[in-house]
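First comes the structure, then the notes that go with it.
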Amino acid sequence: MNKNSPLALLFNIVFLTFMLAPLVIICLVAFTSNGYISLPTNGFSLRWFRAIFEDSQFVDAFYLSIKLGVVSATIAILIAVPAALAFARYDFKGRSVFMALFLSPMMVPHIVLGVAFLSFLTTIGWYGTFIGIVLSHVIIVMPYALRLVLSSVVGLDQRAEKAAVSLGASNWVVFRHVTLPMILPGVVGGWVLSFITSFDEVTMSVFVASPSTTTLPVKMYAHITETIDPLIASLSALMIFITMAVMFLLDRFYGLDKILVGKGK
Amino acid sequence: MNTLSNPVNQVRPYLLSSPALLLYIGLFMIPLIMTLMLSFYSYDVDRGGVVAEFSFTNYVEVLSDSYFHGIFFRTFALSIAVTVLCVLLGTPEAYILHRMSGRWKSICMLAILGPLLVSVVVRTLGWAILFGSKGVINESLLAIGVIDTPIKLMFTNTGVIIALVHVLVPFMVLSVWASLQKLDPMIENAGLSLGASPFIVLRQIVVPQIMPGILSGSLIVFALTASAFATPSILGGRRLKVVATTAYDEYLGTLNWPLGAAIAVLLLVANVIIITTYNKFIERKYSQAFK
Amino acid sequence: MSFLRLEGLVKRFDDFVAVEGMNLNVEKGEFVSLLGPSGCGKTTTLQMIAGFVTPTQGRILINNQDVTHLKPSKRNLGIVFQSYALFHHMTIFDNVAFGLKMRKIDKVESDERVREILSLVHLKDFAHRYPRELSGGQQQRVALARAMVIRPEVLLLDEPLSALDAKIREDMQTELRSIQRTLGTTTILVTHDQSEAMALSDRVAVMNKARLAQIDKPFALYEHPRDSFVTEFLGKSNVFEGSIKDANDGLSSIDVSGLNLLANNTDHTIGQAVDFSIRPEKIRFVAQGKGVIDGTISSRIFLGNQWVFQVETSIGEFSVVSLNTSHIDIDQGSVVGLDWTPSEVRLLTREVA
């Protein structure tokens, strides 16, 4: 059943074209055999994809971004779960202030965070260290992690926990075998959204990344401001393909909308 | 809620939130306070860079220099333009999506929300390729004879606006879509049965009820445009500076950290003021009818 | 000519048949319920009358005018939705006035009519509140007022009371019926609650598997259901499979699991397979051997105003209901006789599977 008028469907097509055009053009240009940005009119070539792997800087940045995303998403989740339990379960003094504070990095422009972290990390001598960039990313992804975990804890039926306690389970056993399995969707969703946010972050990272801790988006940004060549297009295309694969898997096993809704607002 | 009389329950929430609190104090509040302090310092090459003496120099410079006025004004105008376009495009699209069902709906959702998972740098690169004088847009417009000479999109406000709308419109669609989900599925039928035409149903019944979604979506888009960095930097180039790129240049170009910090603080303050007044306005307007 | 007529109405969605060959005649001022389990096609029928769903085949006539392809906004029907579908951004007053505004009725008359209907539903003092600030029962009455103020040709009620608590629901039933009587509006109610349908309607149309199973006055329907579906949908009954063994003078002998039972019969012939049905409240307890059949009490439940017994007999389990009028001294395990008069038995044509 479709309740949309033909005009609405036309609008939809134009809108989708607008959304997909820049991504499609990247994927096309990536296959060019020429040495400059052009559509692959003389046949598809994989030469620029091969070129990515020959460039150690990009490969290093890619691994660094993966490592960074995994570590910062994991730390954020480990901190977000107890905080979410505190917010959902207890009415304590300062609750709303804490909550506002923990969600506030979303309100602060990333450029401001970048400026702040650069001064801070330089002062304490952690500029250019992996731990420094990880901690800055934890702050950026925390609100997303917290929000998704919180939504699953708030919707939780506490009777199951009470039942477990009445059966003699200790606090830890209750958490491990009752609470955690029930909030797992929120935890997984929060982790994935945190990872993606960290992996894609560029504005703040531009400030805190040093030559030895350059993330992939920062490296790509720096490259694009210098030159736009088929190499960067093929790298971008590769990232689009990976994202598509991840999206497909997430949608299959988890439901993409659940994660993406956490991204808005 | 658990009873507060139990002493364990009074300590436990603080215990549970203490890791997060420590992290935020150490790595969020302290850096921000440091930045605030830094913005009151000055920069002097002859005295070895940053001078730790309290003064309003940077703020006076930013607030009195027409160069900075232009940058703040451009950022503000850009944010308004992008927000308005996102409302005009995102709201109808969310409504169309809402009225779709089954397979097509999921496919369209994926196409619109999927780009959110792709780095802003990649999406901006796509527009840079499209915009080039030998880009697809110009080539096809020339081919069908709409234009005689390539139109300039790269390094123009128009180009930056188009790309920012692309980057941010999914947030608008999500926000409006979320409020459409809360709409009673029979509400439109109720309007029709009372004698309203589909257009009147849309204007007098649907739009007013999703207004909170449109307004909160606008706020997100506005705030994110105001602090956008990568897109204006790549597509606007050196000439079309916005607040974020200016702060970046002060920090990493001229190394005048105090001035960069002052610009960042002003951006933050402007952001917070706009968000809070806007929220107050929404609350006052809709507190009675909507929770 | 009836006021509202459905003629051979059919609705198919792809290969799914929602409504098949639906014929219905409703008189002016009549209150008719469409009753059936979920998925029986009652809601689709209502939506076709409202114009939200276009029939695949058939016609809908209101007051001798063919409205089958008329837009919903032109049908002048009042609809109360299950969710009420109130306009949350408008006050109660504006909600009710909306239909009049669409009809470009002048402000003075419109205000007058809104006030009138709001006092009829006892919401005069709530005119300037918003829907969210009202209770479920009050919202329901706003929805009713909004539908009625336009003086609709037909009032359509889509499970209007299902979201309310049991107690409020009963009050609302009484109120709904009295408002409908006062205004004399032809009304169609869609519901899955048989007691609601019977309490409110002049006639009840029972639907099953996309078709109209039977339509009649509530009492007649309950007493003379056409098949076991209608029987069991309207209330509990003891149904046993059997076949007609002998028939004369309108009284038949039916073979149920080797036992001969008597029943009034006019429609069925010798040898025909039938369902033998007797309602629990028609069965009396008598001493062992004095009734139609003996059995052992397997359980008894006390429900306040009545007792419900399960009685194990040679042909199967019976359910028996006795009003709590005097102390009944029958315990679990006692052996009793069950008795009834043949005229209380209904013989139903067995559905051929």
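Ligands are numbered from 1 in the order shown, residues from 1 within each chain, and chains are lettered A, B, ... in the order they appear in the structure tokens.
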
Note to self: Taking only C-alpha atoms into account and nothing else, which residues of chain C lie no more than 12 Å away from chain A? Please answer as number ranges by chain.
What the structure shows: C: 13-14, 52-53

Next item on the list: Find the residues in chain B near chain C: any atom within 12 Å counts, using only C-alpha atoms. Write them as a PyMOL selection string.
Entry: chain B and resi 182-201+204-212+285-291

Next item on the list: Enter the distance from CA of Val138 (chain A) to CA of Ser151 (chain A), in Å, rounded to one decimal.
Entry: 19.5 Å

Check: So which residues touch region 24-33 of chain A within 10 Å, counting only C-alpha atoms, skipping near sequence neighbours fewer than 3 positions away, as an NGL selection string?
Finding: (:A and (17 or 19-21 or 36-49 or 229-241)) or (:B and (122-123 or 125-130 or 135-136))

Item checked: Test item: residues at most 10 Å from Phe318 (chain C), only C-alpha atoms, excluding those fewer than 6 positions along its chain, as a list in words ->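 Final neighbour list, sorted by chain and number: Ser237, Asn238, Val239, Phe240, Ile278, Arg279, Pro280, Ile283, Gly295, Thr296, Ile297, Ser298, Phe309, Gln310, Val311, Glu312 and Leu338 of chain C.
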
Please produce a file of those selected residues containing N, CA and C atoms, as a PDB file, in the first residue's frame.
```pdb
ATOM      1  N   SER C 237     -21.350 -22.303  25.576  1.00  0.00           N
ATOM      2  CA  SER C 237     -22.370 -23.292  25.317  1.00  0.00           C
ATOM      3  C   SER C 237     -21.746 -24.678  25.361  1.00  0.00           C
ATOM      4  N   ASN C 238     -22.559 -25.671  25.689  1.00  0.00           N
ATOM      5  CA  ASN C 238     -22.087 -27.052  25.649  1.00  0.00           C
ATOM      6  C   ASN C 238     -22.454 -27.616  24.285  1.00  0.00           C
ATOM      7  N   VAL C 239     -21.447 -27.861  23.456  1.00  0.00           N
ATOM      8  CA  VAL C 239     -21.719 -28.324  22.090  1.00  0.00           C
ATOM      9  C   VAL C 239     -21.164 -29.731  21.919  1.00  0.00           C
ATOM     10  N   PHE C 240     -22.012 -30.629  21.426  1.00  0.00           N
ATOM     11  CA  PHE C 240     -21.577 -32.008  21.171  1.00  0.00           C
ATOM     12  C   PHE C 240     -21.952 -32.405  19.757  1.00  0.00           C
ATOM     13  N   ILE C 278     -26.423 -26.769  24.157  1.00  0.00           N
ATOM     14  CA  ILE C 278     -27.265 -26.323  25.268  1.00  0.00           C
ATOM     15  C   ILE C 278     -26.443 -25.359  26.135  1.00  0.00           C
ATOM     16  N   ARG C 279     -27.000 -24.184  26.423  1.00  0.00           N
ATOM     17  CA  ARG C 279     -26.249 -23.178  27.168  1.00  0.00           C
ATOM     18  C   ARG C 279     -26.171 -23.563  28.656  1.00  0.00           C
ATOM     19  N   PRO C 280     -25.083 -23.215  29.330  1.00  0.00           N
ATOM     20  CA  PRO C 280     -24.845 -23.638  30.715  1.00  0.00           C
ATOM     21  C   PRO C 280     -25.953 -23.199  31.677  1.00  0.00           C
ATOM     22  N   ILE C 283     -29.289 -25.455  32.159  1.00  0.00           N
ATOM     23  CA  ILE C 283     -29.220 -26.789  32.755  1.00  0.00           C
ATOM     24  C   ILE C 283     -29.506 -26.703  34.251  1.00  0.00           C
ATOM     25  N   GLY C 295     -23.791 -37.202  35.922  1.00  0.00           N
ATOM     26  CA  GLY C 295     -22.375 -36.834  35.801  1.00  0.00           C
ATOM     27  C   GLY C 295     -21.767 -36.590  37.157  1.00  0.00           C
ATOM     28  N   THR C 296     -20.441 -36.421  37.150  1.00  0.00           N
ATOM     29  CA  THR C 296     -19.697 -36.182  38.384  1.00  0.00           C
ATOM     30  C   THR C 296     -19.125 -34.759  38.333  1.00  0.00           C
ATOM     31  N   ILE C 297     -19.292 -34.032  39.442  1.00  0.00           N
ATOM     32  CA  ILE C 297     -18.756 -32.667  39.481  1.00  0.00           C
ATOM     33  C   ILE C 297     -17.222 -32.743  39.492  1.00  0.00           C
ATOM     34  N   SER C 298     -16.571 -32.197  38.502  1.00  0.00           N
ATOM     35  CA  SER C 298     -15.105 -32.243  38.487  1.00  0.00           C
ATOM     36  C   SER C 298     -14.501 -30.956  39.033  1.00  0.00           C
ATOM     37  N   PHE C 309     -19.962 -24.789  37.315  1.00  0.00           N
ATOM     38  CA  PHE C 309     -19.579 -26.175  37.572  1.00  0.00           C
ATOM     39  C   PHE C 309     -19.073 -26.826  36.291  1.00  0.00           C
ATOM     40  N   GLN C 310     -18.097 -27.700  36.441  1.00  0.00           N
ATOM     41  CA  GLN C 310     -17.721 -28.574  35.334  1.00  0.00           C
ATOM     42  C   GLN C 310     -18.196 -29.968  35.730  1.00  0.00           C
ATOM     43  N   VAL C 311     -18.975 -30.580  34.830  1.00  0.00           N
ATOM     44  CA  VAL C 311     -19.559 -31.881  35.156  1.00  0.00           C
ATOM     45  C   VAL C 311     -19.104 -32.894  34.114  1.00  0.00           C
ATOM     46  N   GLU C 312     -18.473 -33.971  34.581  1.00  0.00           N
ATOM     47  CA  GLU C 312     -17.982 -35.015  33.681  1.00  0.00           C
ATOM     48  C   GLU C 312     -19.111 -36.023  33.437  1.00  0.00           C
ATOM     49  N   LEU C 338     -28.297 -34.143  35.428  1.00  0.00           N
ATOM     50  CA  LEU C 338     -28.454 -32.874  34.717  1.00  0.00           C
ATOM     51  C   LEU C 338     -29.752 -32.950  33.927  1.00  0.00           C
TER      52      LEU C 338
END
```

Margin query: Need to verify the contact set: Val14 (chain A), 12 Å, only C-alpha atoms, exclusion of same-chain residues closer than 5 positions in sequence. Can you return it as a PyMOL selection string?
Written below: (chain A and resi 7-9+19-21) or (chain B and resi 89+93+108+112)

Could you save those same residues with N, CA and C atoms as a PDB file, in the first residue's frame?
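Resulting contents of again-v1.pdb:
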```
ATOM      1  N   LEU A   7       3.376  13.198  -7.193  1.00  0.00           N
ATOM      2  CA  LEU A   7       4.248  14.337  -6.927  1.00  0.00           C
ATOM      3  C   LEU A   7       5.173  14.038  -5.754  1.00  0.00           C
ATOM      4  N   ALA A   8       4.593  13.406  -4.721  1.00  0.00           N
ATOM      5  CA  ALA A   8       5.377  13.050  -3.543  1.00  0.00           C
ATOM      6  C   ALA A   8       6.454  12.036  -3.909  1.00  0.00           C
ATOM      7  N   LEU A   9       6.107  11.095  -4.777  1.00  0.00           N
ATOM      8  CA  LEU A   9       7.095  10.080  -5.169  1.00  0.00           C
ATOM      9  C   LEU A   9       8.212  10.704  -5.985  1.00  0.00           C
ATOM     10  N   MET A  19      20.717  12.636  -1.966  1.00  0.00           N
ATOM     11  CA  MET A  19      21.431  11.992  -0.861  1.00  0.00           C
ATOM     12  C   MET A  19      22.530  11.061  -1.360  1.00  0.00           C
ATOM     13  N   LEU A  20      22.260  10.415  -2.477  1.00  0.00           N
ATOM     14  CA  LEU A  20      23.206   9.379  -2.912  1.00  0.00           C
ATOM     15  C   LEU A  20      24.237   9.883  -3.916  1.00  0.00           C
ATOM     16  N   ALA A  21      23.927  10.995  -4.623  1.00  0.00           N
ATOM     17  CA  ALA A  21      24.798  11.453  -5.706  1.00  0.00           C
ATOM     18  C   ALA A  21      26.279  11.563  -5.314  1.00  0.00           C
TER      19      ALA A  21
ATOM     20  N   LEU B  89      13.227  20.617   2.927  1.00  0.00           N
ATOM     21  CA  LEU B  89      13.444  19.332   2.254  1.00  0.00           C
ATOM     22  C   LEU B  89      13.166  18.151   3.184  1.00  0.00           C
ATOM     23  N   GLU B  93      10.089  15.026   3.175  1.00  0.00           N
ATOM     24  CA  GLU B  93      10.662  13.698   2.958  1.00  0.00           C
ATOM     25  C   GLU B  93      10.291  12.757   4.115  1.00  0.00           C
ATOM     26  N   CYS B 108      14.467   3.307   1.371  1.00  0.00           N
ATOM     27  CA  CYS B 108      14.602   4.766   1.393  1.00  0.00           C
ATOM     28  C   CYS B 108      15.251   5.233   2.691  1.00  0.00           C
ATOM     29  N   ILE B 112      18.765   7.368   3.096  1.00  0.00           N
ATOM     30  CA  ILE B 112      18.817   8.694   3.714  1.00  0.00           C
ATOM     31  C   ILE B 112      19.677   8.696   4.976  1.00  0.00           C
TER      32      ILE B 112
END
```

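Comparing the minimum interatomic distances between chain A and each of B:Trp257, B:Tyr43, B:Tyr59, B:Phe171, counting only C-alpha atoms, we find that B:Phe171 sits nearest.
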
Note to self: Between CA of Glu281 (chain C) and CA of Leu348 (chain C), what is the distance in Å, rounded to a tenth?
What the structure shows: 18.5 Å

Note to self: Which residues are close to Ala222 (chain A), i.e. within 12 Å by only C-alpha atoms, leaving aside same-chain residues fewer than 3 positions away? Reply as a list of chain:residue names.
What the structure shows: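 Result of the neighbour search: A:Gln57, A:Phe58, A:Val202, A:Thr203, A:Ser205, A:Val206, A:Phe207, A:Ala209, A:Pro211, A:Thr214, A:Thr215, A:Leu216, A:Pro217, A:Val218, A:Lys219, A:Thr225, A:Glu226, A:Thr227, A:Ile228, A:Ile232, B:Val121, B:Leu125, B:Ala230, B:Ser233, B:Ile234.
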
Checklist line | Point-to-point distance in Å for CA of Thr91 (chain B) and CA of Val176 (chain B) | finding: 6.2 Å

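Residue nearest Leu68 (chain A) within the list A:Arg89, A:Arg95, A:Arg50, A:His137: A:His137 [criterion: smallest interatomic distance, only C-alpha atoms].
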
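Residues with any atom within 6 Å of Ser39 (chain B), counting only C-alpha atoms and excluding same-chain neighbours fewer than 5 positions away, are Pro258, Ala261 and Ala262 of chain B.
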
Notebook entry, point to check: Hey, which of C:Gly29, C:Gly21, C:Gly41, C:Pro342 ends up closest to Gly58 (chain C)? Count only C-alpha atoms.
Noted result: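 Of C:Gly29, C:Gly21, C:Gly41, C:Pro342, the one nearest Gly58 (chain C), counting only C-alpha atoms, is C:Gly21.
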
Note to self: Using DSSP assignments from the backbone, pull out every residue in region 9-78 of chain B that falls under helix (DSSP H, G or I) and give it to me as a ChimeraX atom specification.
What the structure shows: /B:9-39,45-47,57-64,66-78

Let's have the selection written as a PDB file, in the first residue's frame, with C-alpha atoms.
```
ATOM      1  CA  ASN B   9      21.029   3.468  48.255  1.00  0.00           C
ATOM      2  CA  GLN B  10      22.241   6.937  49.105  1.00  0.00           C
ATOM      3  CA  VAL B  11      25.837   6.102  48.336  1.00  0.00           C
ATOM      4  CA  ARG B  12      25.386   3.685  45.466  1.00  0.00           C
ATOM      5  CA  PRO B  13      24.241   6.129  42.728  1.00  0.00           C
ATOM      6  CA  TYR B  14      27.287   8.315  43.409  1.00  0.00           C
ATOM      7  CA  LEU B  15      29.498   5.272  43.360  1.00  0.00           C
ATOM      8  CA  LEU B  16      28.001   4.139  40.055  1.00  0.00           C
ATOM      9  CA  SER B  17      28.363   7.518  38.394  1.00  0.00           C
ATOM     10  CA  SER B  18      31.753   8.354  39.912  1.00  0.00           C
ATOM     11  CA  PRO B  19      33.883   6.992  37.020  1.00  0.00           C
ATOM     12  CA  ALA B  20      31.946   9.157  34.582  1.00  0.00           C
ATOM     13  CA  LEU B  21      32.081  12.136  36.910  1.00  0.00           C
ATOM     14  CA  LEU B  22      35.845  11.856  37.350  1.00  0.00           C
ATOM     15  CA  LEU B  23      36.301  11.545  33.611  1.00  0.00           C
ATOM     16  CA  TYR B  24      34.171  14.607  32.934  1.00  0.00           C
ATOM     17  CA  ILE B  25      35.865  16.735  35.565  1.00  0.00           C
ATOM     18  CA  GLY B  26      39.339  15.733  34.487  1.00  0.00           C
ATOM     19  CA  LEU B  27      38.923  15.626  30.746  1.00  0.00           C
ATOM     20  CA  PHE B  28      35.995  17.865  29.964  1.00  0.00           C
ATOM     21  CA  MET B  29      35.568  20.601  32.533  1.00  0.00           C
ATOM     22  CA  ILE B  30      39.245  21.241  33.194  1.00  0.00           C
ATOM     23  CA  PRO B  31      40.141  21.540  29.480  1.00  0.00           C
ATOM     24  CA  LEU B  32      37.192  23.886  28.931  1.00  0.00           C
ATOM     25  CA  ILE B  33      38.172  26.025  31.908  1.00  0.00           C
ATOM     26  CA  MET B  34      41.766  26.061  30.661  1.00  0.00           C
ATOM     27  CA  THR B  35      40.531  27.237  27.277  1.00  0.00           C
ATOM     28  CA  LEU B  36      38.473  29.949  28.919  1.00  0.00           C
ATOM     29  CA  MET B  37      41.573  31.104  30.829  1.00  0.00           C
ATOM     30  CA  LEU B  38      43.728  30.882  27.734  1.00  0.00           C
ATOM     31  CA  SER B  39      41.298  33.152  25.901  1.00  0.00           C
ATOM     32  CA  VAL B  45      55.954  36.656  19.276  1.00  0.00           C
ATOM     33  CA  ASP B  46      58.620  38.869  20.802  1.00  0.00           C
ATOM     34  CA  ARG B  47      57.885  37.575  24.302  1.00  0.00           C
ATOM     35  CA  THR B  57      42.636  41.922  24.313  1.00  0.00           C
ATOM     36  CA  ASN B  58      41.395  38.959  22.268  1.00  0.00           C
ATOM     37  CA  TYR B  59      37.726  39.635  22.887  1.00  0.00           C
ATOM     38  CA  VAL B  60      38.188  43.326  22.085  1.00  0.00           C
ATOM     39  CA  GLU B  61      39.943  42.335  18.888  1.00  0.00           C
ATOM     40  CA  VAL B  62      37.282  39.867  17.774  1.00  0.00           C
ATOM     41  CA  LEU B  63      34.335  42.044  18.733  1.00  0.00           C
ATOM     42  CA  SER B  64      35.685  45.235  17.175  1.00  0.00           C
ATOM     43  CA  SER B  66      35.043  43.956  10.943  1.00  0.00           C
ATOM     44  CA  TYR B  67      37.038  40.997   9.586  1.00  0.00           C
ATOM     45  CA  PHE B  68      35.755  38.864  12.457  1.00  0.00           C
ATOM     46  CA  HIS B  69      32.289  40.400  12.228  1.00  0.00           C
ATOM     47  CA  GLY B  70      32.145  39.200   8.639  1.00  0.00           C
ATOM     48  CA  ILE B  71      33.151  35.681   9.683  1.00  0.00           C
ATOM     49  CA  PHE B  72      30.585  35.474  12.479  1.00  0.00           C
ATOM     50  CA  PHE B  73      27.909  36.923  10.225  1.00  0.00           C
ATOM     51  CA  ARG B  74      28.725  34.473   7.428  1.00  0.00           C
ATOM     52  CA  THR B  75      28.551  31.556   9.874  1.00  0.00           C
ATOM     53  CA  PHE B  76      25.208  32.757  11.205  1.00  0.00           C
ATOM     54  CA  ALA B  77      23.732  33.348   7.725  1.00  0.00           C
ATOM     55  CA  LEU B  78      25.013  29.965   6.575  1.00  0.00           C
TER      56      LEU B  78
END
```

Item checked: Residues flagged strand (DSSP E) by DSSP in region 6-185 of chain C, as a PyMOL selection string -> chain C and resi 6-13+16-26+31-35+57-62+65-66+77-80+154-158

Check: With only C-alpha atoms as the atoms that count, which of C:Phe219, C:Phe276, C:Phe229, C:Phe31 lies nearest to Leu156 (chain C)?
Finding: C:Phe31
